[in-house]
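Participant: My structure file work_12.pdb, PDB, C-alpha atoms, is below:
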```pdb
ATOM      1  CA  GLY E   1      57.455  90.461  92.696
ATOM      2  CA  LEU E   2      60.316  88.054  92.212
ATOM      3  CA  MET E   3      60.929  85.521  94.935
ATOM      4  CA  PHE E   4      64.452  84.235  95.623
ATOM      5  CA  ARG E   5      64.633  80.487  95.095
ATOM      6  CA  PHE E   6      67.115  78.282  96.936
ATOM      7  CA  GLU E   7      67.343  75.553  94.276
ATOM      8  CA  GLY E   8      70.796  75.460  92.730
ATOM      9  CA  VAL E   9      72.426  77.674  95.369
ATOM     10  CA  PRO E  10      75.907  76.264  96.118
ATOM     11  CA  LYS E  11      76.579  74.746  99.513
ATOM     12  CA  VAL E  12      79.119  76.198 101.937
ATOM     13  CA  SER E  13      82.598  74.605 102.007
ATOM     14  CA  ILE E  14      84.222  74.232 105.394
ATOM     15  CA  PHE E  15      87.757  72.890 105.471
ATOM     16  CA  ARG E  16      90.992  72.920 107.403
ATOM     17  CA  ALA E  17      93.893  75.042 106.213
ATOM     18  CA  ARG E  18      96.452  73.000 104.259
ATOM     19  CA  ASP E  19     100.157  73.248 105.034
ATOM     20  CA  MET E  20     102.012  74.139 101.814
ATOM     21  CA  GLY E  21     105.118  72.179 102.784
ATOM     22  CA  ARG E  22     108.319  72.775 104.702
ATOM     23  CA  ARG E  23     109.443  76.403 104.863
ATOM     24  CA  ASN E  24     112.792  77.298 106.441
ATOM     25  CA  TRP E  25     111.364  80.638 107.641
ATOM     26  CA  GLY E  26     108.079  79.498 109.204
ATOM     27  CA  GLN E  27     104.812  78.131 107.851
ATOM     28  CA  GLU E  28     102.604  78.782 104.821
ATOM     29  CA  LEU E  29      98.998  77.643 105.003
ATOM     30  CA  LEU E  30      96.555  77.567 102.101
ATOM     31  CA  VAL E  31      93.356  78.951 103.624
ATOM     32  CA  GLY E  32      91.320  79.593 100.479
ATOM     33  CA  LEU E  33      91.299  78.794  96.789
ATOM     34  CA  ILE E  34      89.043  80.235  94.094
ATOM     35  CA  PRO E  35      89.173  77.802  91.154
ATOM     36  CA  PRO E  36      90.207  78.989  87.677
ATOM     37  CA  LYS E  37      86.667  78.612  86.311
ATOM     38  CA  PHE E  38      85.675  81.556  88.540
ATOM     39  CA  ALA E  39      88.823  83.712  88.319
ATOM     40  CA  SER E  40      91.130  83.343  85.300
ATOM     41  CA  SER E  41      94.119  81.417  86.733
ATOM     42  CA  GLY E  42      92.483  80.947  90.142
ATOM     43  CA  VAL E  43      93.210  82.807  93.377
ATOM     44  CA  ALA E  44      95.070  81.418  96.384
ATOM     45  CA  MET E  45      94.647  82.917  99.849
ATOM     46  CA  LYS E  46      97.435  81.978 102.254
ATOM     47  CA  LEU E  47      98.349  82.633 105.857
ATOM     48  CA  VAL E  48     102.122  83.191 105.985
ATOM     49  CA  GLN E  49     103.672  82.861 109.452
ATOM     50  CA  MET E  50     107.294  83.983 109.685
ATOM     51  CA  ASN E  51     109.635  83.337 112.595
ATOM     52  CA  PRO E  52     111.649  86.238 114.077
ATOM     53  CA  GLY E  53     114.756  87.114 112.068
ATOM     54  CA  CYS E  54     113.789  84.792 109.206
ATOM     55  CA  SER E  55     113.317  85.796 105.592
ATOM     56  CA  GLY E  56     112.267  84.274 102.318
ATOM     57  CA  ARG E  57     114.404  84.436  99.195
ATOM     58  CA  PHE E  58     115.212  87.673  97.389
ATOM     59  CA  GLN E  59     113.125  86.859  94.339
ATOM     60  CA  MET E  60     110.645  87.878  91.705
ATOM     61  CA  HIS E  61     107.706  86.017  90.207
ATOM     62  CA  LEU E  62     107.358  85.619  86.474
ATOM     63  CA  ARG E  63     103.563  85.907  86.247
ATOM     64  CA  ARG E  64     102.240  86.124  89.778
ATOM     65  CA  HIS E  65     101.197  89.338  91.515
ATOM     66  CA  GLU E  66     101.147  89.095  95.319
ATOM     67  CA  TYR E  67      99.044  91.098  97.716
ATOM     68  CA  GLY E  68      99.856  90.972 101.414
ATOM     69  CA  TYR E  69      98.236  92.301 104.580
ATOM     70  CA  VAL E  70     100.170  92.286 107.856
ATOM     71  CA  LEU E  71      97.875  90.837 110.535
ATOM     72  CA  ASP E  72     100.337  91.071 113.416
ATOM     73  CA  GLY E  73     104.053  91.326 114.093
ATOM     74  CA  ALA E  74     106.477  93.501 112.125
ATOM     75  CA  MET E  75     108.512  92.870 109.003
ATOM     76  CA  ILE E  76     111.097  94.461 106.770
ATOM     77  CA  LEU E  77     110.036  94.577 103.146
ATOM     78  CA  ARG E  78     112.909  94.771 100.648
ATOM     79  CA  VAL E  79     112.393  95.840  97.032
ATOM     80  CA  GLY E  80     115.023  95.632  94.295
ATOM     81  CA  ILE E  81     115.594  98.721  92.163
ATOM     82  CA  CYS E  82     116.835  98.807  88.531
ATOM     83  CA  ASP E  83     120.261 100.178  89.509
ATOM     84  CA  GLY E  84     120.942  97.135  91.707
ATOM     85  CA  SER E  85     120.168  98.866  95.000
ATOM     86  CA  ILE E  86     117.564  97.700  97.519
ATOM     87  CA  GLU E  87     114.950  99.819  99.292
ATOM     88  CA  GLU E  88     113.662  98.749 102.730
ATOM     89  CA  TYR E  89     110.327  99.466 104.399
ATOM     90  CA  LEU E  90     109.126  98.584 107.893
ATOM     91  CA  LEU E  91     105.609  97.137 107.805
ATOM     92  CA  GLU E  92     103.390  96.766 110.878
ATOM     93  CA  PRO E  93      99.874  95.446 111.544
ATOM     94  CA  GLY E  94      97.361  97.033 109.183
ATOM     95  CA  ASP E  95      99.923  97.701 106.430
ATOM     96  CA  ALA E  96      99.301  96.143 103.013
ATOM     97  CA  TYR E  97     101.501  95.738  99.950
ATOM     98  CA  HIS E  98     101.428  94.635  96.326
ATOM     99  CA  PHE E  99     104.298  92.992  94.430
ATOM    100  CA  PRO E 100     103.636  93.167  90.687
ATOM    101  CA  ALA E 101     105.007  90.285  88.623
ATOM    102  CA  GLY E 102     108.685  90.948  87.949
ATOM    103  CA  LEU E 103     109.333  93.069  91.054
ATOM    104  CA  PRO E 104     112.362  91.814  93.051
ATOM    105  CA  HIS E 105     111.307  91.487  96.703
ATOM    106  CA  GLN E 106     111.916  89.867 100.080
ATOM    107  CA  GLU E 107     110.133  89.809 103.426
ATOM    108  CA  GLU E 108     111.956  89.448 106.752
ATOM    109  CA  ALA E 109     110.159  89.069 110.081
ATOM    110  CA  VAL E 110     111.432  91.341 112.857
ATOM    111  CA  ILE E 111     109.278  89.474 115.384
ATOM    112  CA  PHE E 112     106.842  86.593 114.809
ATOM    113  CA  THR E 113     104.700  87.931 111.958
ATOM    114  CA  ARG E 114     101.507  86.736 110.271
ATOM    115  CA  ILE E 115     100.585  87.922 106.779
ATOM    116  CA  LEU E 116      97.417  87.227 104.816
ATOM    117  CA  GLU E 117      98.499  86.818 101.182
ATOM    118  CA  LEU E 118      96.470  86.716  97.962
ATOM    119  CA  SER E 119      97.956  85.684  94.626
ATOM    120  CA  PRO E 120      97.025  83.850  91.429
ATOM    121  CA  ALA E 121      97.200  80.071  91.867
ATOM    122  CA  LEU E 122     100.073  79.602  89.405
ATOM    123  CA  GLY E 123     102.389  77.224  91.216
ATOM    124  CA  ASN E 124     106.119  77.897  91.353
ATOM    125  CA  ASP E 125     107.101  80.801  89.083
ATOM    126  CA  ARG E 126     109.890  82.039  91.351
ATOM    127  CA  VAL E 127     113.259  83.342  90.137
ATOM    128  CA  GLY E 128     115.883  83.963  92.829
ATOM    129  CA  LEU E 129     117.830  87.191  92.356
ATOM    130  CA  GLU E 130     120.470  86.838  95.068
ATOM    131  CA  VAL E 131     123.316  86.882  92.490
ATOM    132  CA  GLU E 132     121.982  89.930  90.633
ATOM    133  CA  TYR E 133     121.685  91.924  93.877
ATOM    134  CA  HIS E 134     125.000  90.673  95.367
ATOM    135  CA  LEU E 135     123.344  88.901  98.304
ATOM    136  CA  PRO E 136     124.407  85.648  99.995
ATOM    137  CA  PRO E 137     123.159  82.527  98.196
ATOM    138  CA  PRO E 138     119.900  81.017  99.452
ATOM    139  CA  ALA E 139     120.027  78.335 102.141
ATOM    140  CA  ASN E 140     120.144  74.739 100.901
ATOM    141  CA  ASP E 141     116.601  74.211 102.172
ATOM    142  CA  ALA E 142     115.180  77.391 100.591
ATOM    143  CA  LEU E 143     112.363  77.143  98.068
ATOM    144  CA  PRO E 144     113.755  76.417  94.589
ATOM    145  CA  ASP E 145     113.648  78.523  91.451
ATOM    146  CA  SER E 146     111.074  77.756  88.772
ATOM    147  CA  SER E 147     111.862  75.041  86.304
ATOM    148  CA  ILE E 148     113.327  76.119  82.971
ATOM    149  CA  ASP E 149     110.129  74.725  81.374
ATOM    150  CA  CYS E 150     108.019  77.207  83.323
ATOM    151  CA  ILE E 151     110.254  80.091  82.314
ATOM    152  CA  THR E 152     110.630  79.205  78.631
ATOM    153  CA  ASP E 153     106.851  78.838  78.234
ATOM    154  CA  LEU E 154     106.760  82.647  78.249
ATOM    155  CA  ASN E 155     107.193  84.429  74.920
ATOM    156  CA  GLN E 156     109.503  86.897  76.625
ATOM    157  CA  TRP E 157     110.169  88.193  80.094
ATOM    158  CA  TRP E 158     111.913  91.486  80.734
ATOM    159  CA  ILE E 159     112.833  92.980  84.089
ATOM    160  CA  ASP E 160     115.375  95.759  84.705
ATOM    161  CA  GLY E 161     116.407  95.608  81.048
ATOM    162  CA  VAL E 162     117.480  91.953  81.213
ATOM    163  CA  ASN E 163     115.663  89.175  79.373
ATOM    164  CA  TYR E 164     115.644  86.466  82.067
ATOM    165  CA  LYS E 165     114.059  83.953  79.738
ATOM    166  CA  GLU E 166     117.094  84.071  77.439
ATOM    167  CA  SER E 167     119.647  84.134  80.233
ATOM    168  CA  LEU E 168     118.090  81.211  82.097
ATOM    169  CA  SER E 169     117.463  79.012  79.074
ATOM    170  CA  GLY E 170     120.877  79.685  77.554
ATOM    171  CA  GLU E 171     119.444  81.091  74.310
TER     172      GLU E 171
END
```
In structure tokens, what does this structure look like?

Facilitator:
Amino acid sequence: GLMFRFEGVPKVSIFRARDMGRRNWGQELLVGLIPPKFASSGVAMKLVQMNPGCSGRFQMHLRRHEYGYVLDGAMILRVGICDGSIEEYLLEPGDAYHFPAGLPHQEEAVIFTRILELSPALGNDRVGLEVEYHLPPPANDALPDSSIDCITDLNQWWIDGVNYKESLSGE
């Protein structure tokens, strides 16, 4: 029969989680990264730790899908609807969610909450939607929107009947 050979088998990688930078709502740690040569654009696995009462921006991503799994705590998940209204869901440990690219969303921690998040490793493709949904503007230290370059690289981007590429680039 065939014998398994150990030559050429990759070695294990052991590393410390990397802080993704200052977050006004808590901490975001990169805990895993599958490089693009193994998974299209690459896959980032992050541990998101949100402080009680804190929330991220009300935003969508241009190309990135996000999958989240609530490890502990409790959070309010907000989702923007086409008519400009917002639906809210209470998520607790064991709940999971998926934000497709283009879905307006926001997470808010009720108590200290940890989420395991998986998404393509695409960098910043965030578009804040506070104005469109009549919400207060983001804090000065909130994560910024994508650059216009990132947005205009797309052939077109439609969400809720609005072409954000044209509106953001002034075309």

Participant: Once you add 3 Å to each side, what are the centre and edge lengths of the axis-aligned box holding all listed atoms of range 46-60 of chain E? One decimal in Å, as lines of an AutoDock Vina configuration file, if you can.

Facilitator:
```
center_x = 106.3
center_y = 84.9
center_z = 102.9
size_x = 23.8
size_y = 11.9
size_z = 28.4
```

Participant: Can you list what the PyMOL selection byres ((chain E and resi 104-108) around 7) grabs from this structure, as a list in words?

Facilitator: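 Output from the PyMOL selection byres ((chain E and resi 104-108) around 7), applied to this file: Gly53, Cys54, Ser55, Gly56, Arg57, Phe58, Gln59, Met60, Met75, Ile76, Leu77, Arg78, Val79, Gly80, Gly102, Leu103, Ala109 and Val110 of chain E.
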
Participant: Neighbouring residues of Arg16 in chain E were defined as those with any atom within 12 Å, considering all atoms listed in the file; residues of the same chain fewer than 6 positions away were excluded. Please report them as an MDAnalysis selection string.

Facilitator: chainID E and resid 29:32

Participant: Please indicate the distance in Å from CA of Gly73 in chain E to CA of Arg22 in chain E, rounded to one decimal place.

Facilitator: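 For CA of Gly73 in chain E relative to CA of Arg22 in chain E, the distance reads 21.2 Å.
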
Participant: Which residue is closest to Phe38 in chain E? Choose from E:Pro52, E:Gly94, E:Pro120, E:Leu135 and count all atoms listed in the file.

Facilitator: E:Pro120

Participant: Rounded to one decimal in Å, what is the spacing between CA of Met50 in chain E and CA of Val70 in chain E?

Facilitator: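 Result for CA of Met50 in chain E versus CA of Val70 in chain E: 11.1 Å, one decimal.
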
Participant: Just the number, please: distance in Å from CA of Ile115 in chain E to CA of Leu47 in chain E, one decimal.

Facilitator: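 Computing it gives 5.8 Å between the two atoms.
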
Participant: Carefully work through the PyMOL selection byres ((chain E and resi 126) around 10) for this structure and note down the residues it includes, as a count of residues only.

Facilitator: 23

Participant: For Glu117 in chain E, which residue out of E:Ala39, E:Ala142, E:Ile14, E:Leu33 is the nearest one, using all atoms listed in the file?

Facilitator: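 For Glu117 in chain E, the nearest of the candidates is E:Leu33.
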
Participant: Rank nothing, just name the residue among E:Met20, E:Gln49, E:Glu7, E:Gly84 nearest to Tyr133 in chain E, using only C-alpha atoms.

Facilitator: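 For Tyr133 in chain E, the nearest of the candidates is E:Gly84.
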
Participant: Of the residues E:Glu66, E:Asp95, E:Asp141, E:Glu88, which is the one nearest to Lys46 in chain E, using all atoms listed in the file?

Facilitator: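 The closest residue to Lys46 in chain E is E:Glu66.
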
Participant: Nearest to His134 in chain E among E:His98, E:Ser85, E:Phe112, E:Tyr67, with distances taken over all atoms listed in the file: which residue is it?

Facilitator: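 Among the listed residues, the smallest separation from His134 in chain E belongs to E:Ser85.
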
Participant: Output as a PDB file, in the frame of the given file: range 68-98 of chain E, completed with N, CA and C atoms.

Facilitator:
```pdb
ATOM      1  N   GLY E  68      99.683  91.396 100.037  1.00  0.00           N
ATOM      2  CA  GLY E  68      99.856  90.972 101.414  1.00  0.00           C
ATOM      3  C   GLY E  68      99.264  91.981 102.379  1.00  0.00           C
ATOM      4  N   TYR E  69      98.787  91.468 103.509  1.00  0.00           N
ATOM      5  CA  TYR E  69      98.236  92.301 104.580  1.00  0.00           C
ATOM      6  C   TYR E  69      98.836  91.803 105.888  1.00  0.00           C
ATOM      7  N   VAL E  70      99.519  92.675 106.609  1.00  0.00           N
ATOM      8  CA  VAL E  70     100.170  92.286 107.856  1.00  0.00           C
ATOM      9  C   VAL E  70      99.115  92.234 108.966  1.00  0.00           C
ATOM     10  N   LEU E  71      98.865  91.025 109.464  1.00  0.00           N
ATOM     11  CA  LEU E  71      97.875  90.837 110.535  1.00  0.00           C
ATOM     12  C   LEU E  71      98.453  91.222 111.887  1.00  0.00           C
ATOM     13  N   ASP E  72      99.663  90.709 112.164  1.00  0.00           N
ATOM     14  CA  ASP E  72     100.337  91.071 113.416  1.00  0.00           C
ATOM     15  C   ASP E  72     101.819  90.845 113.256  1.00  0.00           C
ATOM     16  N   GLY E  73     102.610  91.410 114.165  1.00  0.00           N
ATOM     17  CA  GLY E  73     104.053  91.326 114.093  1.00  0.00           C
ATOM     18  C   GLY E  73     104.632  92.558 113.423  1.00  0.00           C
ATOM     19  N   ALA E  74     105.796  92.422 112.854  1.00  0.00           N
ATOM     20  CA  ALA E  74     106.477  93.501 112.125  1.00  0.00           C
ATOM     21  C   ALA E  74     107.460  92.858 111.174  1.00  0.00           C
ATOM     22  N   MET E  75     107.599  93.451 109.987  1.00  0.00           N
ATOM     23  CA  MET E  75     108.512  92.870 109.003  1.00  0.00           C
ATOM     24  C   MET E  75     109.202  93.951 108.196  1.00  0.00           C
ATOM     25  N   ILE E  76     110.375  93.594 107.694  1.00  0.00           N
ATOM     26  CA  ILE E  76     111.097  94.461 106.770  1.00  0.00           C
ATOM     27  C   ILE E  76     110.778  93.970 105.366  1.00  0.00           C
ATOM     28  N   LEU E  77     110.333  94.884 104.541  1.00  0.00           N
ATOM     29  CA  LEU E  77     110.036  94.577 103.146  1.00  0.00           C
ATOM     30  C   LEU E  77     111.168  95.161 102.307  1.00  0.00           C
ATOM     31  N   ARG E  78     111.820  94.318 101.523  1.00  0.00           N
ATOM     32  CA  ARG E  78     112.909  94.771 100.648  1.00  0.00           C
ATOM     33  C   ARG E  78     112.440  94.708  99.197  1.00  0.00           C
ATOM     34  N   VAL E  79     112.780  95.758  98.440  1.00  0.00           N
ATOM     35  CA  VAL E  79     112.393  95.840  97.032  1.00  0.00           C
ATOM     36  C   VAL E  79     113.631  96.176  96.215  1.00  0.00           C
ATOM     37  N   GLY E  80     113.879  95.397  95.164  1.00  0.00           N
ATOM     38  CA  GLY E  80     115.023  95.632  94.295  1.00  0.00           C
ATOM     39  C   GLY E  80     114.731  96.726  93.281  1.00  0.00           C
ATOM     40  N   ILE E  81     115.713  97.596  93.089  1.00  0.00           N
ATOM     41  CA  ILE E  81     115.594  98.721  92.163  1.00  0.00           C
ATOM     42  C   ILE E  81     116.466  98.422  90.933  1.00  0.00           C
ATOM     43  N   CYS E  82     116.146  99.058  89.803  1.00  0.00           N
ATOM     44  CA  CYS E  82     116.835  98.807  88.531  1.00  0.00           C
ATOM     45  C   CYS E  82     118.343  98.988  88.620  1.00  0.00           C
ATOM     46  N   ASP E  83     118.815  99.910  89.452  1.00  0.00           N
ATOM     47  CA  ASP E  83     120.261 100.178  89.509  1.00  0.00           C
ATOM     48  C   ASP E  83     121.009  99.173  90.392  1.00  0.00           C
ATOM     49  N   GLY E  84     120.301  98.151  90.879  1.00  0.00           N
ATOM     50  CA  GLY E  84     120.942  97.135  91.707  1.00  0.00           C
ATOM     51  C   GLY E  84     120.892  97.422  93.190  1.00  0.00           C
ATOM     52  N   SER E  85     120.302  98.560  93.572  1.00  0.00           N
ATOM     53  CA  SER E  85     120.168  98.866  95.000  1.00  0.00           C
ATOM     54  C   SER E  85     118.865  98.261  95.539  1.00  0.00           C
ATOM     55  N   ILE E  86     118.727  98.295  96.846  1.00  0.00           N
ATOM     56  CA  ILE E  86     117.564  97.700  97.519  1.00  0.00           C
ATOM     57  C   ILE E  86     116.970  98.727  98.463  1.00  0.00           C
ATOM     58  N   GLU E  87     115.673  98.948  98.350  1.00  0.00           N
ATOM     59  CA  GLU E  87     114.950  99.819  99.292  1.00  0.00           C
ATOM     60  C   GLU E  87     114.326  98.954 100.370  1.00  0.00           C
ATOM     61  N   GLU E  88     114.264  99.482 101.612  1.00  0.00           N
ATOM     62  CA  GLU E  88     113.662  98.749 102.730  1.00  0.00           C
ATOM     63  C   GLU E  88     112.532  99.557 103.340  1.00  0.00           C
ATOM     64  N   TYR E  89     111.488  98.854 103.748  1.00  0.00           N
ATOM     65  CA  TYR E  89     110.327  99.466 104.399  1.00  0.00           C
ATOM     66  C   TYR E  89     109.982  98.636 105.625  1.00  0.00           C
ATOM     67  N   LEU E  90     109.601  99.290 106.705  1.00  0.00           N
ATOM     68  CA  LEU E  90     109.126  98.584 107.893  1.00  0.00           C
ATOM     69  C   LEU E  90     107.607  98.521 107.830  1.00  0.00           C
ATOM     70  N   LEU E  91     107.055  97.319 107.846  1.00  0.00           N
ATOM     71  CA  LEU E  91     105.609  97.137 107.805  1.00  0.00           C
ATOM     72  C   LEU E  91     105.127  96.602 109.140  1.00  0.00           C
ATOM     73  N   GLU E  92     103.986  97.137 109.591  1.00  0.00           N
ATOM     74  CA  GLU E  92     103.390  96.766 110.878  1.00  0.00           C
ATOM     75  C   GLU E  92     101.934  96.373 110.664  1.00  0.00           C
ATOM     76  N   PRO E  93     101.264  95.866 111.704  1.00  0.00           N
ATOM     77  CA  PRO E  93      99.874  95.446 111.544  1.00  0.00           C
ATOM     78  C   PRO E  93      99.011  96.535 110.893  1.00  0.00           C
ATOM     79  N   GLY E  94      98.220  96.105 109.913  1.00  0.00           N
ATOM     80  CA  GLY E  94      97.361  97.033 109.183  1.00  0.00           C
ATOM     81  C   GLY E  94      97.964  97.510 107.876  1.00  0.00           C
ATOM     82  N   ASP E  95      99.282  97.318 107.689  1.00  0.00           N
ATOM     83  CA  ASP E  95      99.923  97.701 106.430  1.00  0.00           C
ATOM     84  C   ASP E  95      99.654  96.627 105.377  1.00  0.00           C
ATOM     85  N   ALA E  96      99.514  97.058 104.125  1.00  0.00           N
ATOM     86  CA  ALA E  96      99.301  96.143 103.013  1.00  0.00           C
ATOM     87  C   ALA E  96     100.291  96.485 101.913  1.00  0.00           C
ATOM     88  N   TYR E  97     100.555  95.521 101.040  1.00  0.00           N
ATOM     89  CA  TYR E  97     101.501  95.738  99.950  1.00  0.00           C
ATOM     90  C   TYR E  97     101.090  94.935  98.726  1.00  0.00           C
ATOM     91  N   HIS E  98     101.648  95.323  97.597  1.00  0.00           N
ATOM     92  CA  HIS E  98     101.428  94.635  96.326  1.00  0.00           C
ATOM     93  C   HIS E  98     102.765  94.484  95.627  1.00  0.00           C
TER      94      HIS E  98
END
```
